[in-house]
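Visitor: Structure file work_20.cif, mmCIF, C-alpha atoms, is pasted below:
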data_upload
#
loop_
_atom_site.group_PDB
_atom_site.id
_atom_site.type_symbol
_atom_site.label_atom_id
_atom_site.label_comp_id
_atom_site.auth_asym_id
_atom_site.auth_seq_id
_atom_site.Cartn_x
_atom_site.Cartn_y
_atom_site.Cartn_z
ATOM 1 C CA MET A 1 95.140 100.698 114.172
ATOM 2 C CA PRO A 2 93.264 103.216 111.970
ATOM 3 C CA ILE A 3 95.116 105.372 109.480
ATOM 4 C CA GLU A 4 95.160 108.949 110.747
ATOM 5 C CA LEU A 5 95.268 111.703 108.160
ATOM 6 C CA GLY A 6 96.820 115.073 108.710
ATOM 7 C CA THR A 7 99.227 113.876 111.392
ATOM 8 C CA LYS A 8 102.693 115.338 111.814
ATOM 9 C CA GLY A 9 104.715 115.111 108.625
ATOM 10 C CA GLN A 10 101.637 114.541 106.434
ATOM 11 C CA PRO A 11 99.480 117.010 104.536
ATOM 12 C CA GLY A 12 96.412 118.090 106.470
ATOM 13 C CA PHE A 13 92.860 118.918 105.471
ATOM 14 C CA ASP A 14 94.038 122.444 104.617
ATOM 15 C CA ASP A 15 96.003 120.822 101.747
ATOM 16 C CA PRO A 16 93.403 118.490 100.207
ATOM 17 C CA ILE A 17 95.396 117.942 97.010
ATOM 18 C CA GLY A 18 98.483 116.933 99.012
ATOM 19 C CA LEU A 19 96.309 114.691 101.156
ATOM 20 C CA MET A 20 94.881 112.960 98.063
ATOM 21 C CA MET A 21 98.409 112.356 96.786
ATOM 22 C CA ASP A 22 99.353 110.987 100.205
ATOM 23 C CA CYS A 23 96.395 108.574 99.963
ATOM 24 C CA HIS A 24 97.928 107.293 96.734
ATOM 25 C CA ARG A 25 101.068 106.339 98.619
ATOM 26 C CA ARG A 26 98.957 104.343 101.089
ATOM 27 C CA ILE A 27 97.111 102.584 98.253
ATOM 28 C CA GLU A 28 100.448 101.620 96.703
ATOM 29 C CA ARG A 29 101.861 100.470 100.032
ATOM 30 C CA PHE A 30 98.883 98.312 101.051
ATOM 31 C CA LEU A 31 98.633 96.807 97.572
ATOM 32 C CA SER A 32 102.329 95.881 97.840
ATOM 33 C CA VAL A 33 101.632 94.200 101.185
ATOM 34 C CA LEU A 34 98.962 91.985 99.624
ATOM 35 C CA GLU A 35 101.160 91.216 96.609
ATOM 36 C CA HIS A 36 104.076 90.274 98.851
ATOM 37 C CA ILE A 37 101.939 87.951 100.969
ATOM 38 C CA ALA A 38 100.401 86.248 97.912
ATOM 39 C CA ASP A 39 103.855 85.750 96.410
ATOM 40 C CA ARG A 40 105.621 84.616 99.568
ATOM 41 C CA PHE A 41 102.959 82.242 100.913
ATOM 42 C CA ALA A 42 101.413 81.111 97.580
ATOM 43 C CA GLY A 43 98.091 80.174 99.147
ATOM 44 C CA GLY A 44 99.655 78.111 101.967
ATOM 45 C CA GLY A 45 99.709 78.687 105.707
ATOM 46 C CA LEU A 46 100.270 82.292 106.767
ATOM 47 C CA SER A 47 102.606 83.454 109.514
ATOM 48 C CA GLY A 48 101.163 85.521 112.344
ATOM 49 C CA GLU A 49 102.847 88.594 110.902
ATOM 50 C CA ALA A 50 101.332 87.935 107.465
ATOM 51 C CA VAL A 51 97.864 87.489 108.973
ATOM 52 C CA ALA A 52 98.143 90.813 110.814
ATOM 53 C CA ALA A 53 99.497 92.641 107.743
ATOM 54 C CA MET A 54 96.799 91.201 105.488
ATOM 55 C CA ARG A 55 94.058 92.236 107.919
ATOM 56 C CA VAL A 56 95.381 95.804 108.078
ATOM 57 C CA ALA A 57 95.641 96.050 104.270
ATOM 58 C CA LEU A 58 92.151 94.629 103.747
ATOM 59 C CA ARG A 59 90.713 97.002 106.336
ATOM 60 C CA TYR A 60 92.369 99.931 104.582
ATOM 61 C CA PHE A 61 90.812 98.990 101.241
ATOM 62 C CA ARG A 62 87.399 98.336 102.842
ATOM 63 C CA GLU A 63 87.181 101.426 105.043
ATOM 64 C CA SER A 64 89.623 104.147 104.002
ATOM 65 C CA ALA A 65 90.074 103.786 100.244
ATOM 66 C CA PRO A 66 86.357 104.470 99.565
ATOM 67 C CA HIS A 67 86.819 107.870 101.247
ATOM 68 C CA HIS A 68 89.555 108.671 98.738
ATOM 69 C CA THR A 69 87.256 107.766 95.836
ATOM 70 C CA ALA A 70 84.547 110.001 97.314
ATOM 71 C CA ASP A 71 87.103 112.797 97.791
ATOM 72 C CA GLU A 72 87.604 112.786 94.048
ATOM 73 C CA GLU A 73 84.099 112.019 92.797
ATOM 74 C CA ALA A 74 82.026 113.998 95.308
ATOM 75 C CA SER A 75 84.399 116.876 96.061
ATOM 76 C CA LEU A 76 87.200 117.425 93.537
ATOM 77 C CA PHE A 77 85.510 116.591 90.216
ATOM 78 C CA PRO A 78 82.392 118.702 90.951
ATOM 79 C CA ARG A 79 84.612 121.721 91.824
ATOM 80 C CA LEU A 80 86.507 121.281 88.554
ATOM 81 C CA ARG A 81 83.178 121.141 86.690
ATOM 82 C CA GLU A 82 82.117 124.395 88.401
ATOM 83 C CA VAL A 83 85.352 126.098 87.303
ATOM 84 C CA ASN A 84 84.876 124.812 83.772
ATOM 85 C CA GLU A 85 81.309 126.170 83.643
ATOM 86 C CA SER A 86 82.458 129.635 84.686
ATOM 87 C CA ALA A 87 85.876 129.918 83.007
ATOM 88 C CA GLY A 88 86.143 126.982 80.587
ATOM 89 C CA GLY A 89 89.320 125.324 79.424
ATOM 90 C CA LEU A 90 88.976 122.086 81.386
ATOM 91 C CA ASP A 91 86.980 119.980 78.909
ATOM 92 C CA CYS A 92 89.827 117.525 78.233
ATOM 93 C CA LEU A 93 90.581 117.182 81.927
ATOM 94 C CA LEU A 94 86.926 116.524 82.717
ATOM 95 C CA LEU A 95 86.746 113.836 80.024
ATOM 96 C CA GLU A 96 89.657 112.198 81.816
ATOM 97 C CA ALA A 97 87.740 112.515 85.094
ATOM 98 C CA GLU A 98 84.981 110.383 83.547
ATOM 99 C CA ARG A 99 87.580 107.751 82.621
ATOM 100 C CA LEU A 100 88.942 107.881 86.182
ATOM 101 C CA GLU A 101 85.452 107.242 87.562
ATOM 102 C CA LEU A 102 85.196 104.131 85.354
ATOM 103 C CA GLN A 103 88.563 103.000 86.696
ATOM 104 C CA HIS A 104 87.239 103.506 90.231
ATOM 105 C CA ARG A 105 84.368 101.091 89.457
ATOM 106 C CA ARG A 106 86.808 98.511 88.053
ATOM 107 C CA ALA A 107 89.078 98.859 91.095
ATOM 108 C CA GLU A 108 86.092 98.405 93.424
ATOM 109 C CA ALA A 109 85.153 95.133 91.672
ATOM 110 C CA LEU A 110 88.740 93.879 91.846
ATOM 111 C CA HIS A 111 89.026 94.830 95.521
ATOM 112 C CA ALA A 112 85.784 92.953 96.269
ATOM 113 C CA SER A 113 87.263 89.831 94.675
ATOM 114 C CA VAL A 114 90.593 90.267 96.508
ATOM 115 C CA ASP A 115 88.767 90.797 99.794
ATOM 116 C CA LEU A 116 86.701 87.641 99.294
ATOM 117 C CA LEU A 117 89.748 85.517 98.452
ATOM 118 C CA CYS A 118 91.896 86.923 101.263
ATOM 119 C CA THR A 119 89.088 86.518 103.790
ATOM 120 C CA ARG A 120 88.743 82.899 102.667
ATOM 121 C CA TRP A 121 92.505 82.471 103.094
ATOM 122 C CA LEU A 122 92.392 83.960 106.589
ATOM 123 C CA THR A 123 89.407 81.784 107.537
ATOM 124 C CA LEU A 124 90.546 78.449 106.082
ATOM 125 C CA GLY A 125 94.288 78.951 106.415
ATOM 126 C CA LEU A 126 94.970 78.217 102.732
ATOM 127 C CA LEU A 127 93.810 78.741 99.165
ATOM 128 C CA ASP A 128 93.712 76.132 96.428
ATOM 129 C CA GLY A 129 95.665 76.593 93.184
ATOM 130 C CA ASP A 130 92.783 78.207 91.289
ATOM 131 C CA GLU A 131 92.076 80.608 94.142
ATOM 132 C CA ILE A 132 95.678 81.771 94.522
ATOM 133 C CA ALA A 133 95.894 82.173 90.721
ATOM 134 C CA ALA A 134 92.732 84.315 90.807
ATOM 135 C CA LEU A 135 94.110 86.388 93.685
ATOM 136 C CA GLU A 136 97.431 86.944 91.922
ATOM 137 C CA HIS A 137 95.584 87.895 88.702
ATOM 138 C CA ASP A 138 93.386 90.433 90.501
ATOM 139 C CA LEU A 139 96.376 91.939 92.311
ATOM 140 C CA ARG A 140 98.306 92.274 89.012
ATOM 141 C CA GLU A 141 95.304 93.939 87.395
ATOM 142 C CA LEU A 142 94.981 96.345 90.332
ATOM 143 C CA ARG A 143 98.706 97.151 90.106
ATOM 144 C CA SER A 144 98.376 97.929 86.383
ATOM 145 C CA LEU A 145 95.190 99.969 86.828
ATOM 146 C CA TYR A 146 96.628 101.992 89.718
ATOM 147 C CA ALA A 147 99.921 102.621 87.913
ATOM 148 C CA GLU A 148 98.119 104.453 85.117
ATOM 149 C CA HIS A 149 95.422 106.002 87.301
ATOM 150 C CA ILE A 150 97.736 107.376 89.987
ATOM 151 C CA ALA A 151 100.329 108.630 87.507
ATOM 152 C CA PHE A 152 97.699 110.667 85.642
ATOM 153 C CA GLU A 153 96.242 112.100 88.833
ATOM 154 C CA ASP A 154 99.592 112.896 90.484
ATOM 155 C CA GLU A 155 101.237 114.325 87.363
ATOM 156 C CA THR A 156 98.319 116.013 85.560
ATOM 157 C CA LEU A 157 94.974 116.182 87.347
ATOM 158 C CA PHE A 158 96.051 117.215 90.832
ATOM 159 C CA PRO A 159 98.568 119.887 89.734
ATOM 160 C CA SER A 160 95.936 121.339 87.359
ATOM 161 C CA ALA A 161 93.341 121.325 90.127
ATOM 162 C CA ALA A 162 95.735 123.055 92.527
ATOM 163 C CA ARG A 163 96.282 125.805 89.930
ATOM 164 C CA MET A 164 92.664 126.169 88.811
ATOM 165 C CA LEU A 165 90.783 125.965 92.101
ATOM 166 C CA GLY A 166 90.773 128.931 94.413
ATOM 167 C CA ARG A 167 91.435 128.816 98.122
ATOM 168 C CA GLU A 168 87.711 128.784 98.924
ATOM 169 C CA ALA A 169 87.081 125.691 96.775
ATOM 170 C CA LEU A 170 90.128 123.914 98.226
ATOM 171 C CA ASP A 171 88.964 124.711 101.752
ATOM 172 C CA ARG A 172 85.497 123.323 100.946
ATOM 173 C CA ILE A 173 87.101 120.138 99.623
ATOM 174 C CA GLY A 174 89.241 119.882 102.769
ATOM 175 C CA ARG A 175 86.193 120.326 105.029
ATOM 176 C CA GLU A 176 84.284 117.662 103.084
ATOM 177 C CA MET A 177 87.251 115.280 103.353
ATOM 178 C CA ALA A 178 87.402 115.869 107.116
ATOM 179 C CA GLU A 179 83.645 115.312 107.507
ATOM 180 C CA ARG A 180 83.828 112.104 105.446
ATOM 181 C CA ARG A 181 86.335 110.771 107.981
ATOM 182 C CA GLY A 182 84.454 111.973 111.046
ATOM 183 C CA HIS A 183 86.878 114.829 111.787
ATOM 184 C CA GLU A 184 85.674 118.246 112.804
ATOM 185 C CA ASP A 185 89.072 119.864 112.360
ATOM 186 C CA GLY A 186 88.951 120.599 108.639
ATOM 187 C CA PRO A 187 90.189 124.002 107.456
ATOM 188 C CA ALA A 188 88.212 126.938 108.730
ATOM 189 C CA PRO A 189 86.413 128.997 106.065
ATOM 190 C CA GLY A 190 88.832 131.512 104.597
ATOM 191 C CA LYS A 191 91.796 129.974 106.432
ATOM 192 C CA GLU A 192 95.019 130.488 104.516
ATOM 193 C CA ARG A 193 97.404 127.599 103.958
ATOM 194 C CA GLY A 194 99.832 127.355 106.850
ATOM 195 C CA ALA A 195 97.933 129.878 108.958
#
As structure tokens, what does this structure read like?
Guide:
Amino acid sequence: MPIELGTKGQPGFDDPIGLMMDCHRRIERFLSVLEHIADRFAGGGLSGEAVAAMRVALRYFRESAPHHTADEEASLFPRLREVNESAGGLDCLLLEAERLELQHRRAEALHASVDLLCTRWLTLGLLDGDEIAALEHDLRELRSLYAEHIAFEDETLFPSAARMLGREALDRIGREMAERRGHEDGPAPGKERGA
């Protein structure tokens, strides 16, 4: 079942900053699923429920999480750079954006390793001691990386972006996010929040 964005009770494409924060909750949740499975089954035989949960989490990190990275790198960060060029005052924040991009590359490498190990587990029905140790290591490193990364974005970057970017820029980001996901129902140009 694909993850639908902008459904009832969730931020929509007219609130791209809220939607990015909501994506963080999904990242945390699906990472917890993988951690729980690795801990509970320790590389041994998986229950049917664990197999299904692992497949959903892996699919999220393969298909949906890259959209979130693109939302930041291709939509949000460029808009912040535009604001900085015209008004200034965001140099420190943009230096942090470069650090965040490096963290994205590290997370991608870790997710590739986790995906490979979990796919092996699903295929063979078990992992040997070295493989489960590698999986647990990669999951711990992802947890640590995301804890810092998400805290900075949720507490500093996103609130600053919401204050600094005008409605037009936010609407453009929302439309790009919708297009990235194959939706045509992004915010209309000039549409006010909640209208």
Visitor: Name the closest residue to Leu122 of chain A among the candidates A:Asp14, A:Glu63, A:Glu85, A:Val51; distances are taken between atoms, counting only C-alpha atoms.
Guide: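 Using only C-alpha atoms, Leu122 of chain A sits closest to A:Val51.
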Visitor: Please enumerate the residues selected by the PyMOL selection byres ((chain A and resi 100-107) around 8) when evaluated against the supplied file, formatted as a count of residues only.
Guide: 13
Visitor: Please compute the atom CA of Leu31 of chain A-atom CA of Ala50 of chain A distance, one decimal, in Å.
Guide: 13.6 Å
Visitor: Taking all atoms listed in the file into account, which of A:Leu34, A:Leu117, A:Cys23, A:Leu94 comes nearest Arg140 of chain A?
Guide: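 Among the listed residues, A:Leu34 lies closest to Arg140 of chain A.
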Visitor: With only C-alpha atoms counted, which protein, DNA or RNA residues have an atom no more than 8 Å from (92.2, 115.2, 101.1) in the file frame? Please answer as a list in words.
Guide: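 Looking at atoms near the point gives Gly12, Phe13, Asp15, Pro16, Ile17, Gly18, Leu19, Met20, Cys23, His68, Asp71, Ile173, Gly174, Met177 and Ala178 of chain A.
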Visitor: So, with all atoms listed in the file as the atoms that count, which of A:Arg55, A:Arg62, A:His67, A:Arg79 lies closest to Asp171 of chain A?
Guide: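 Among A:Arg55, A:Arg62, A:His67, A:Arg79, it is A:Arg79 that comes nearest to Asp171 of chain A.
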Visitor: Taking all atoms listed in the file into account, name the residue in A:Gly182, A:Gly48, A:Gly43, A:Pro78 that is nearest to Leu135 of chain A.
Guide: A:Gly43
Visitor: Write out as a list in words each polymer residue whose atoms come within 10 Å of Ala87 of chain A, counting only C-alpha atoms; drop sequence neighbours fewer than 5 positions from it.
Guide: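 The residues satisfying every condition are Arg81, Glu82 and Met164 of chain A.
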Visitor: Nearest residue to Ala38 of chain A out of A:Phe158, A:Tyr146, A:Trp121, A:Tyr60, using only C-alpha atoms?
Guide: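 Of all the options, A:Trp121 lies closest to Ala38 of chain A.
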Visitor: In Å, with one decimal, what is the gap from atom CA of Glu176 of chain A to atom CA of Val83 of chain A?
Guide: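 If I compute the distance from atom CA of Glu176 of chain A to atom CA of Val83 of chain A, I get 17.9 Å.
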Visitor: What are the centre and the three edge lengths of an axis-aligned box that wraps all atoms of segment 156-163 of chain A in the file, given that 5 Å is added to every side, written as lines of an AutoDock Vina configuration file and rounded to one decimal in Å?
Guide:
center_x = 96.0
center_y = 120.9
center_z = 89.0
size_x = 15.2
size_y = 19.8
size_z = 17.0
Visitor: Which value, in Å to one decimal, gives the distance between atom CA of Leu46 of chain A and atom CA of Leu124 of chain A?
Guide: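 Answer for the atom CA of Leu46 of chain A to atom CA of Leu124 of chain A separation: 10.5 Å.
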Visitor: Could you tell me, as an MDAnalysis selection string, which residues have any atom at most 6 Å from (97.5, 79.6, 106.2), counting all atoms listed in the file?
Guide: chainID A and resid 44:46 125:126
Visitor: Could you take the residues named above and write them with C-alpha atoms, as an mmCIF file, in the coordinates of the input?
Guide:
data_model
loop_
_atom_site.group_PDB
_atom_site.id
_atom_site.type_symbol
_atom_site.label_atom_id
_atom_site.label_comp_id
_atom_site.auth_asym_id
_atom_site.auth_seq_id
_atom_site.Cartn_x
_atom_site.Cartn_y
_atom_site.Cartn_z
ATOM 1 C CA GLY A 44 99.655 78.111 101.967
ATOM 2 C CA GLY A 45 99.709 78.687 105.707
ATOM 3 C CA LEU A 46 100.270 82.292 106.767
ATOM 4 C CA GLY A 125 94.288 78.951 106.415
ATOM 5 C CA LEU A 126 94.970 78.217 102.732
#
